[in-house]
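This is work_8.cif (mmCIF, C-alpha atoms).
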```
data_final
loop_
_atom_site.label_atom_id
_atom_site.label_comp_id
_atom_site.auth_asym_id
_atom_site.auth_seq_id
_atom_site.Cartn_x
_atom_site.Cartn_y
_atom_site.Cartn_z
CA MET H 1 27.88 32.86 14.14
CA LYS H 2 30.78 34.60 12.33
CA ARG H 3 28.38 36.61 10.17
CA ARG H 4 26.47 37.73 13.27
CA LYS H 5 29.67 39.05 14.86
CA THR H 6 30.50 40.94 11.65
CA ILE H 7 27.06 42.62 11.57
CA ILE H 8 27.30 43.64 15.24
CA THR H 9 30.79 45.10 14.64
CA LEU H 10 29.62 47.17 11.63
CA PHE H 11 26.59 48.41 13.57
CA ALA H 12 28.82 49.49 16.45
CA ILE H 13 31.16 51.35 14.07
CA LEU H 14 28.24 53.19 12.43
CA LEU H 15 26.76 54.07 15.83
CA VAL H 16 30.05 55.52 17.04
CA ALA H 17 30.46 57.48 13.78
CA TRP H 18 26.92 58.85 14.03
CA ILE H 19 27.37 59.97 17.65
CA SER H 20 30.75 61.57 16.99
CA THR H 21 29.68 63.44 13.80
CA PRO H 22 28.39 66.64 15.57
CA PHE H 23 31.59 66.95 17.57
CA VAL H 24 33.80 66.46 14.52
CA VAL H 25 31.85 69.04 12.44
CA GLN H 26 31.83 71.59 15.28
CA GLY H 27 35.56 71.13 15.84
CA THR H 28 36.24 71.56 12.12
CA TYR H 29 34.02 74.55 11.23
CA GLY H 30 33.58 76.31 14.57
CA SER H 31 30.07 77.76 14.19
CA ALA H 32 26.84 75.93 13.55
CA LYS H 33 25.94 78.23 10.61
CA THR H 34 29.11 77.43 8.73
CA ALA H 35 28.62 73.73 9.48
CA GLY H 36 25.02 73.93 8.22
CA GLU H 37 26.08 75.54 4.95
CA PHE H 38 28.70 72.88 4.53
CA GLY H 39 26.14 70.15 5.23
CA ASP H 40 23.76 71.56 2.59
CA LEU H 41 26.39 70.73 -0.03
CA PHE H 42 25.75 67.05 0.66
CA GLY H 43 21.98 67.22 0.08
CA SER H 44 22.30 65.71 -3.39
CA ILE H 45 24.50 62.97 -1.97
CA ASN H 46 21.81 62.22 0.63
CA ALA H 47 19.24 61.98 -2.18
CA LEU H 48 21.58 59.64 -4.07
CA PHE H 49 22.01 57.39 -1.06
CA SER H 50 18.23 57.39 -0.48
CA ALA H 51 17.73 56.29 -4.08
CA LEU H 52 20.39 53.65 -3.65
CA ALA H 53 18.64 52.43 -0.51
CA LEU H 54 15.34 52.19 -2.41
CA LEU H 55 17.04 50.33 -5.24
CA SER H 56 18.57 47.97 -2.68
CA VAL H 57 15.10 47.23 -1.29
CA VAL H 58 13.75 46.57 -4.80
CA TYR H 59 16.74 44.37 -5.59
CA ALA H 60 16.19 42.42 -2.37
CA ILE H 61 12.54 41.89 -3.34
CA PHE H 62 13.59 40.51 -6.74
CA LEU H 63 16.11 38.22 -5.02
CA GLN H 64 13.36 36.92 -2.74
CA MET H 65 11.13 36.35 -5.77
CA ASP H 66 13.90 34.33 -7.45
CA GLU H 67 14.42 32.32 -4.27
CA LEU H 68 10.70 31.61 -4.05
CA LYS H 69 10.69 30.50 -7.69
CA LEU H 70 13.59 28.15 -7.00
CA GLN H 71 11.80 26.80 -3.93
CA ARG H 72 8.65 26.16 -5.98
CA GLU H 73 10.71 24.33 -8.62
CA GLU H 74 12.40 22.24 -5.92
CA LEU H 75 9.03 21.43 -4.36
CA GLU H 76 7.67 20.40 -7.76
CA THR H 77 10.71 18.20 -8.35
CA SER H 78 10.31 16.66 -4.89
CA ARG H 79 6.62 16.06 -5.56
CA LYS H 80 7.39 14.26 -8.83
CA GLU H 81 10.08 12.15 -7.14
CA LEU H 82 7.67 11.30 -4.32
CA SER H 83 5.01 10.38 -6.88
CA ASN H 84 7.47 8.10 -8.70
CA GLN H 85 8.53 6.49 -5.42
CA THR H 86 4.86 5.95 -4.53
CA LYS H 87 4.28 4.22 -7.87
CA ILE H 88 7.34 2.02 -7.35
CA ILE H 89 6.24 1.10 -3.83
CA SER H 90 2.70 0.37 -5.09
CA ALA H 91 4.11 -1.90 -7.81
CA GLN H 92 6.28 -3.69 -5.25
CA LEU H 93 3.30 -4.17 -2.92
CA GLU H 94 1.22 -5.51 -5.82
CA THR H 95 3.98 -7.97 -6.68
CA MET H 96 4.22 -9.06 -3.05
CA ASN H 97 0.45 -9.50 -2.84
CA GLN H 98 0.44 -11.60 -6.00
CA ALA H 99 3.27 -13.75 -4.66
CA LEU H 100 1.45 -14.15 -1.32
CA HIS H 101 -1.78 -15.03 -3.11
CA PHE H 102 0.07 -17.60 -5.19
CA GLU H 103 1.66 -19.13 -2.08
CA ARG H 104 -1.73 -19.26 -0.34
CA THR H 105 -3.29 -20.85 -3.41
CA ILE H 106 -0.59 -23.53 -3.47
CA GLU H 107 -1.00 -24.11 0.27
CA PHE H 108 -4.79 -24.32 -0.12
CA GLN H 109 -4.48 -26.80 -2.97
CA LYS H 110 -2.11 -28.96 -0.96
CA ALA H 111 -4.58 -28.99 1.92
CA GLU H 112 -7.57 -29.88 -0.26
CA PRO H 113 -8.84 -33.42 -0.87
CA PHE H 114 -9.47 -34.62 -4.41
CA PHE H 115 -12.56 -36.76 -4.71
CA ARG H 116 -13.13 -39.02 -7.68
CA ALA H 117 -15.09 -42.12 -8.55
CA ASN H 118 -13.00 -45.26 -8.27
CA GLY H 119 -15.00 -48.23 -9.34
CA GLY H 120 -18.32 -49.59 -8.17
CA GLY H 121 -20.91 -52.01 -9.43
CA SER H 122 -24.49 -53.09 -9.21
CA ASN H 123 -26.61 -55.86 -7.79
CA THR H 124 -30.27 -56.66 -8.13
CA ASP H 125 -31.33 -53.74 -5.92
CA TYR H 126 -28.59 -51.11 -5.80
CA HIS H 127 -25.95 -49.26 -7.78
CA HIS H 128 -22.66 -48.79 -5.91
CA VAL H 129 -20.08 -46.02 -6.42
CA HIS H 130 -16.71 -45.93 -4.64
CA ILE H 131 -15.45 -42.40 -3.90
CA LEU H 132 -11.69 -42.13 -3.46
CA ASN H 133 -9.93 -39.29 -1.62
CA ASP H 134 -6.94 -38.79 -3.89
CA GLY H 135 -5.75 -35.62 -2.15
CA ALA H 136 -5.06 -34.39 1.38
CA SER H 137 -6.56 -35.93 4.51
CA VAL H 138 -9.48 -34.01 6.04
CA ALA H 139 -11.44 -34.09 9.30
CA ASP H 140 -15.02 -33.65 10.51
CA VAL H 141 -16.35 -35.43 7.44
CA ARG H 142 -20.06 -35.94 6.85
CA PHE H 143 -22.21 -36.71 3.83
CA VAL H 144 -25.44 -34.92 3.01
CA VAL H 145 -27.36 -37.24 0.68
CA PRO H 146 -30.98 -38.00 -0.24
CA ASP H 147 -32.84 -40.49 1.93
CA CYS H 148 -32.58 -43.17 -0.72
CA VAL H 149 -28.77 -43.09 -0.68
CA GLU H 150 -26.79 -45.13 1.79
CA VAL H 151 -23.21 -44.36 2.92
CA SER H 152 -21.15 -47.43 3.73
CA ARG H 153 -19.91 -46.05 7.05
CA GLU H 154 -19.79 -42.84 9.03
CA ILE H 155 -16.30 -41.38 9.34
CA SER H 156 -14.93 -38.30 11.04
CA TYR H 157 -11.50 -38.40 9.40
CA TRP H 158 -10.94 -39.20 5.73
CA ASP H 159 -7.37 -40.27 5.04
CA ALA H 160 -5.67 -39.76 1.71
CA GLY H 161 -6.17 -42.89 -0.37
CA ALA H 162 -9.25 -44.07 1.56
CA LYS H 163 -12.58 -44.85 -0.07
CA GLN H 164 -16.24 -44.43 0.77
CA LYS H 165 -19.05 -46.39 -0.88
CA LEU H 166 -22.39 -44.87 -1.85
CA SER H 167 -25.35 -47.07 -2.71
CA TYR H 168 -28.63 -45.98 -4.26
CA PRO H 169 -31.64 -47.91 -5.67
CA ARG H 170 -31.45 -49.22 -9.21
CA ASN H 171 -34.94 -48.01 -9.89
CA SER H 172 -33.87 -44.41 -9.38
CA GLU H 173 -34.35 -42.38 -12.55
CA ASP H 174 -32.54 -39.16 -11.54
CA ASP H 175 -28.91 -38.35 -10.93
CA ILE H 176 -27.90 -38.41 -7.29
CA THR H 177 -26.73 -35.19 -5.60
CA VAL H 178 -24.11 -35.63 -2.89
CA GLU H 179 -22.73 -32.92 -0.60
CA ILE H 180 -19.46 -33.63 1.21
CA VAL H 181 -18.71 -31.45 4.23
CA TYR H 182 -15.24 -31.48 5.79
CA THR H 183 -12.63 -29.35 7.53
CA ASN H 184 -9.12 -28.80 6.25
CA LYS H 185 -6.18 -27.16 8.02
CA VAL H 186 -6.13 -24.04 5.82
CA SER H 187 -9.65 -22.81 5.09
CA GLY H 188 -11.68 -24.47 7.84
CA GLU H 189 -15.05 -25.97 6.97
CA ARG H 190 -15.76 -26.61 3.31
CA ARG H 191 -18.87 -27.80 1.46
CA ARG H 192 -18.63 -29.34 -2.00
CA ARG H 193 -21.48 -30.72 -4.09
CA PHE H 194 -21.28 -33.53 -6.62
CA THR H 195 -23.61 -35.44 -8.88
CA VAL H 196 -23.49 -39.18 -9.48
CA PRO H 197 -24.96 -39.92 -12.93
CA ASN H 198 -27.68 -42.53 -12.65
CA GLY H 199 -26.28 -46.00 -13.24
CA LYS H 200 -22.71 -44.84 -13.82
CA CYS H 201 -19.53 -45.03 -11.74
CA ALA H 202 -18.75 -41.33 -12.03
CA LEU H 203 -18.54 -38.29 -9.80
CA ASN H 204 -18.97 -34.77 -11.21
CA GLU H 205 -18.42 -31.69 -9.03
CA ILE H 206 -21.04 -28.99 -9.34
CA GLY H 207 -19.64 -25.54 -9.96
CA CYS H 208 -16.20 -26.62 -11.23
#
```

Show this structure as structure tokens.
Amino acid sequence: MKRRKTIITLFAILLVAWISTPFVVQGTYGSAKTAGEFGDLFGSINALFSALALLSVVYAIFLQMDELKLQREELETSRKELSNQTKIISAQLETMNQALHFERTIEFQKAEPFFRANGGGSNTDYHHVHILNDGASVADVRFVVPDCVEVSREISYWDAGAKQKLSYPRNSEDDITVEIVYTNKVSGERRRRFTVPNGKCALNEIGC
């Protein structure tokens, strides 16, 4: 605001000086011819001022070029800083995602049952295998087994520490495939397949 007032003041002074010049020259030299001859003496000065004006324009152009160069350097510096910040933020997000994945894995493991063989036996007709849930309780439980396999009882909720008994004929020559379907509170419905080695009290998960 102060600079603007200064420029307006200088412009007003120059305008007043320009308007009053003819009157001052006429009052000093009397005739226009004498004033013209006197003015011709300042032709070289006019040329000098014109050259100075041209040099001022060239100097202003160079100043603008320097300012543009500085702006480009500042933009490049800002771009590098932004790139570094982006890398830092990406690393932080990756760390957060890994931590979240780890927490979800722990939560999933806590919500999963752990099935294992826990004893059994045989009689004249059947082999028996007891399957123990040694993990979390699950719901909506059902067994998908061959026709020759019998499940001791149908359950919809399998508590931690509870057992289920599978029975299959002694004359069976192949391993028994058992699929246990259930729902846990984290991942929803799950299907897991196991094999029961023929004649053994063991339970092996397929795909583990």

Output the residue selection produced by the PyMOL selection byres ((chain H and resi 151) around 7) on the file above, formatted as a compact mmCIF listing (two decimals) with C-alpha atoms, keeping the file's coordinate frame.
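Output (expr_17.txt):
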```txt
# COMPACT_ATOMS: atom_id res chain seq x y z
CA VAL H 149 -28.77 -43.09 -0.68
CA GLU H 150 -26.79 -45.13 1.79
CA SER H 152 -21.15 -47.43 3.73
CA ARG H 153 -19.91 -46.05 7.05
CA LYS H 165 -19.05 -46.39 -0.88
CA LEU H 166 -22.39 -44.87 -1.85
CA SER H 167 -25.35 -47.07 -2.71
```

*Report as a VMD selection string the residues that result from applying the PyMOL selection byres ((chain H and resi 184) around 7) to the structure here.*
chain H and resid 111 to 112 138 to 139 182 to 183 185 to 189

*Which distance in Å separates atom CA of H:Pro197 and atom CA of H:Pro146, to one decimal?*
14.2 Å

*Could you pull the residues within 10 Å of H:Glu205, counting all atoms listed in the file, minus those fewer than 3 positions along the same chain, as a PyMOL selection string?*
chain H and resi 115-116+177-179+192-196+208

*Take the PyMOL selection byres ((chain H and resi 172) around 10), apply it to the structure above, and return the hits as a PyMOL selection string.*
chain H and resi 126-127+148+168-171+173-176+198-199

*From the set H:Gly161, H:Ala91, H:Arg79, H:Arg104, which residue has the shortest atom-to-atom contact distance to H:Gly135, counting only C-alpha atoms?*
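Of H:Gly161, H:Ala91, H:Arg79, H:Arg104, the one nearest H:Gly135 is H:Gly161, counting only C-alpha atoms.
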
*Hey, which of H:Phe114, H:Trp158, H:Tyr59, H:Phe102 ends up closest to H:Ser137? Count all atoms listed in the file.*
H:Trp158

*Go ahead and compute the interatomic distance for atom CA of H:Asn204 and atom CA of H:Tyr157, in Å to one decimal.*
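Separating atom CA of H:Asn204 from atom CA of H:Tyr157 is a distance of 22.2 Å.
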
Using all atoms listed in the file, determine which residues lie at most 9 Å from H:Ala117, disregarding the query and same-chain residues fewer than 5 positions distant; provide the list as an mmCIF file with C-alpha atoms, keeping the file's coordinate frame.
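Generated file (selection-v1.cif):
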```cif
data_model
loop_
_atom_site.group_PDB
_atom_site.id
_atom_site.type_symbol
_atom_site.label_atom_id
_atom_site.label_comp_id
_atom_site.auth_asym_id
_atom_site.auth_seq_id
_atom_site.Cartn_x
_atom_site.Cartn_y
_atom_site.Cartn_z
ATOM 1 C CA VAL H 129 -20.080 -46.020 -6.420
ATOM 2 C CA HIS H 130 -16.710 -45.930 -4.640
ATOM 3 C CA ILE H 131 -15.450 -42.400 -3.900
ATOM 4 C CA LEU H 132 -11.690 -42.130 -3.460
ATOM 5 C CA VAL H 196 -23.490 -39.180 -9.480
ATOM 6 C CA CYS H 201 -19.530 -45.030 -11.740
ATOM 7 C CA ALA H 202 -18.750 -41.330 -12.030
ATOM 8 C CA LEU H 203 -18.540 -38.290 -9.800
ATOM 9 C CA ASN H 204 -18.970 -34.770 -11.210
#
```

_One number please: atom CA of H:Ser156 to atom CA of H:Arg142, in Å, one decimal._
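A separation of 7.0 Å between them.
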
Can you patch up stretch 63-90 of chain H, filling it in to N, CA and C atoms, and show the result as a compact mmCIF listing (two decimals), in the coordinates of the input?
```txt
# COMPACT_ATOMS: atom_id res chain seq x y z
N LEU H 63 15.37 39.41 -5.47
CA LEU H 63 16.11 38.22 -5.02
C LEU H 63 15.19 37.24 -4.30
N GLN H 64 14.31 37.78 -3.44
CA GLN H 64 13.36 36.92 -2.74
C GLN H 64 12.42 36.23 -3.72
N MET H 65 12.01 36.96 -4.77
CA MET H 65 11.13 36.35 -5.77
C MET H 65 11.84 35.20 -6.49
N ASP H 66 13.13 35.41 -6.81
CA ASP H 66 13.90 34.33 -7.45
C ASP H 66 14.05 33.13 -6.52
N GLU H 67 14.30 33.41 -5.24
CA GLU H 67 14.42 32.32 -4.27
C GLU H 67 13.10 31.55 -4.13
N LEU H 68 12.00 32.28 -4.13
CA LEU H 68 10.70 31.61 -4.05
C LEU H 68 10.44 30.76 -5.29
N LYS H 69 10.85 31.27 -6.46
CA LYS H 69 10.69 30.50 -7.69
C LYS H 69 11.50 29.22 -7.63
N LEU H 70 12.75 29.35 -7.14
CA LEU H 70 13.59 28.15 -7.00
C LEU H 70 12.98 27.16 -6.01
N GLN H 71 12.44 27.68 -4.91
CA GLN H 71 11.80 26.80 -3.93
C GLN H 71 10.60 26.07 -4.53
N ARG H 72 9.80 26.80 -5.33
CA ARG H 72 8.65 26.16 -5.98
C ARG H 72 9.11 25.07 -6.94
N GLU H 73 10.19 25.34 -7.69
CA GLU H 73 10.71 24.33 -8.62
C GLU H 73 11.22 23.11 -7.86
N GLU H 74 11.92 23.36 -6.73
CA GLU H 74 12.40 22.24 -5.92
C GLU H 74 11.25 21.43 -5.34
N LEU H 75 10.20 22.13 -4.89
CA LEU H 75 9.03 21.43 -4.36
C LEU H 75 8.35 20.59 -5.44
N GLU H 76 8.27 21.14 -6.66
CA GLU H 76 7.67 20.40 -7.76
C GLU H 76 8.49 19.16 -8.10
N THR H 77 9.83 19.34 -8.10
CA THR H 77 10.71 18.20 -8.35
C THR H 77 10.56 17.14 -7.26
N SER H 78 10.49 17.61 -6.00
CA SER H 78 10.31 16.66 -4.89
C SER H 78 8.97 15.94 -4.99
N ARG H 79 7.93 16.68 -5.41
CA ARG H 79 6.62 16.06 -5.56
C ARG H 79 6.63 14.98 -6.63
N LYS H 80 7.30 15.26 -7.76
CA LYS H 80 7.39 14.26 -8.83
C LYS H 80 8.18 13.04 -8.36
N GLU H 81 9.30 13.28 -7.65
CA GLU H 81 10.08 12.15 -7.14
C GLU H 81 9.26 11.32 -6.15
N LEU H 82 8.51 12.01 -5.29
CA LEU H 82 7.67 11.30 -4.32
C LEU H 82 6.59 10.50 -5.04
N SER H 83 6.02 11.09 -6.11
CA SER H 83 5.01 10.38 -6.88
C SER H 83 5.59 9.13 -7.53
N ASN H 84 6.81 9.26 -8.09
CA ASN H 84 7.47 8.10 -8.70
C ASN H 84 7.77 7.02 -7.66
N GLN H 85 8.25 7.45 -6.48
CA GLN H 85 8.53 6.49 -5.42
C GLN H 85 7.25 5.79 -4.97
N THR H 86 6.14 6.55 -4.92
CA THR H 86 4.86 5.95 -4.53
C THR H 86 4.44 4.89 -5.54
N LYS H 87 4.63 5.20 -6.83
CA LYS H 87 4.28 4.22 -7.87
C LYS H 87 5.15 2.97 -7.76
N ILE H 88 6.44 3.17 -7.49
CA ILE H 88 7.34 2.02 -7.35
C ILE H 88 6.94 1.16 -6.16
N ILE H 89 6.64 1.83 -5.03
CA ILE H 89 6.24 1.10 -3.83
C ILE H 89 4.92 0.36 -4.07
N SER H 90 3.98 1.02 -4.78
CA SER H 90 2.70 0.37 -5.09
C SER H 90 2.92 -0.87 -5.95
```
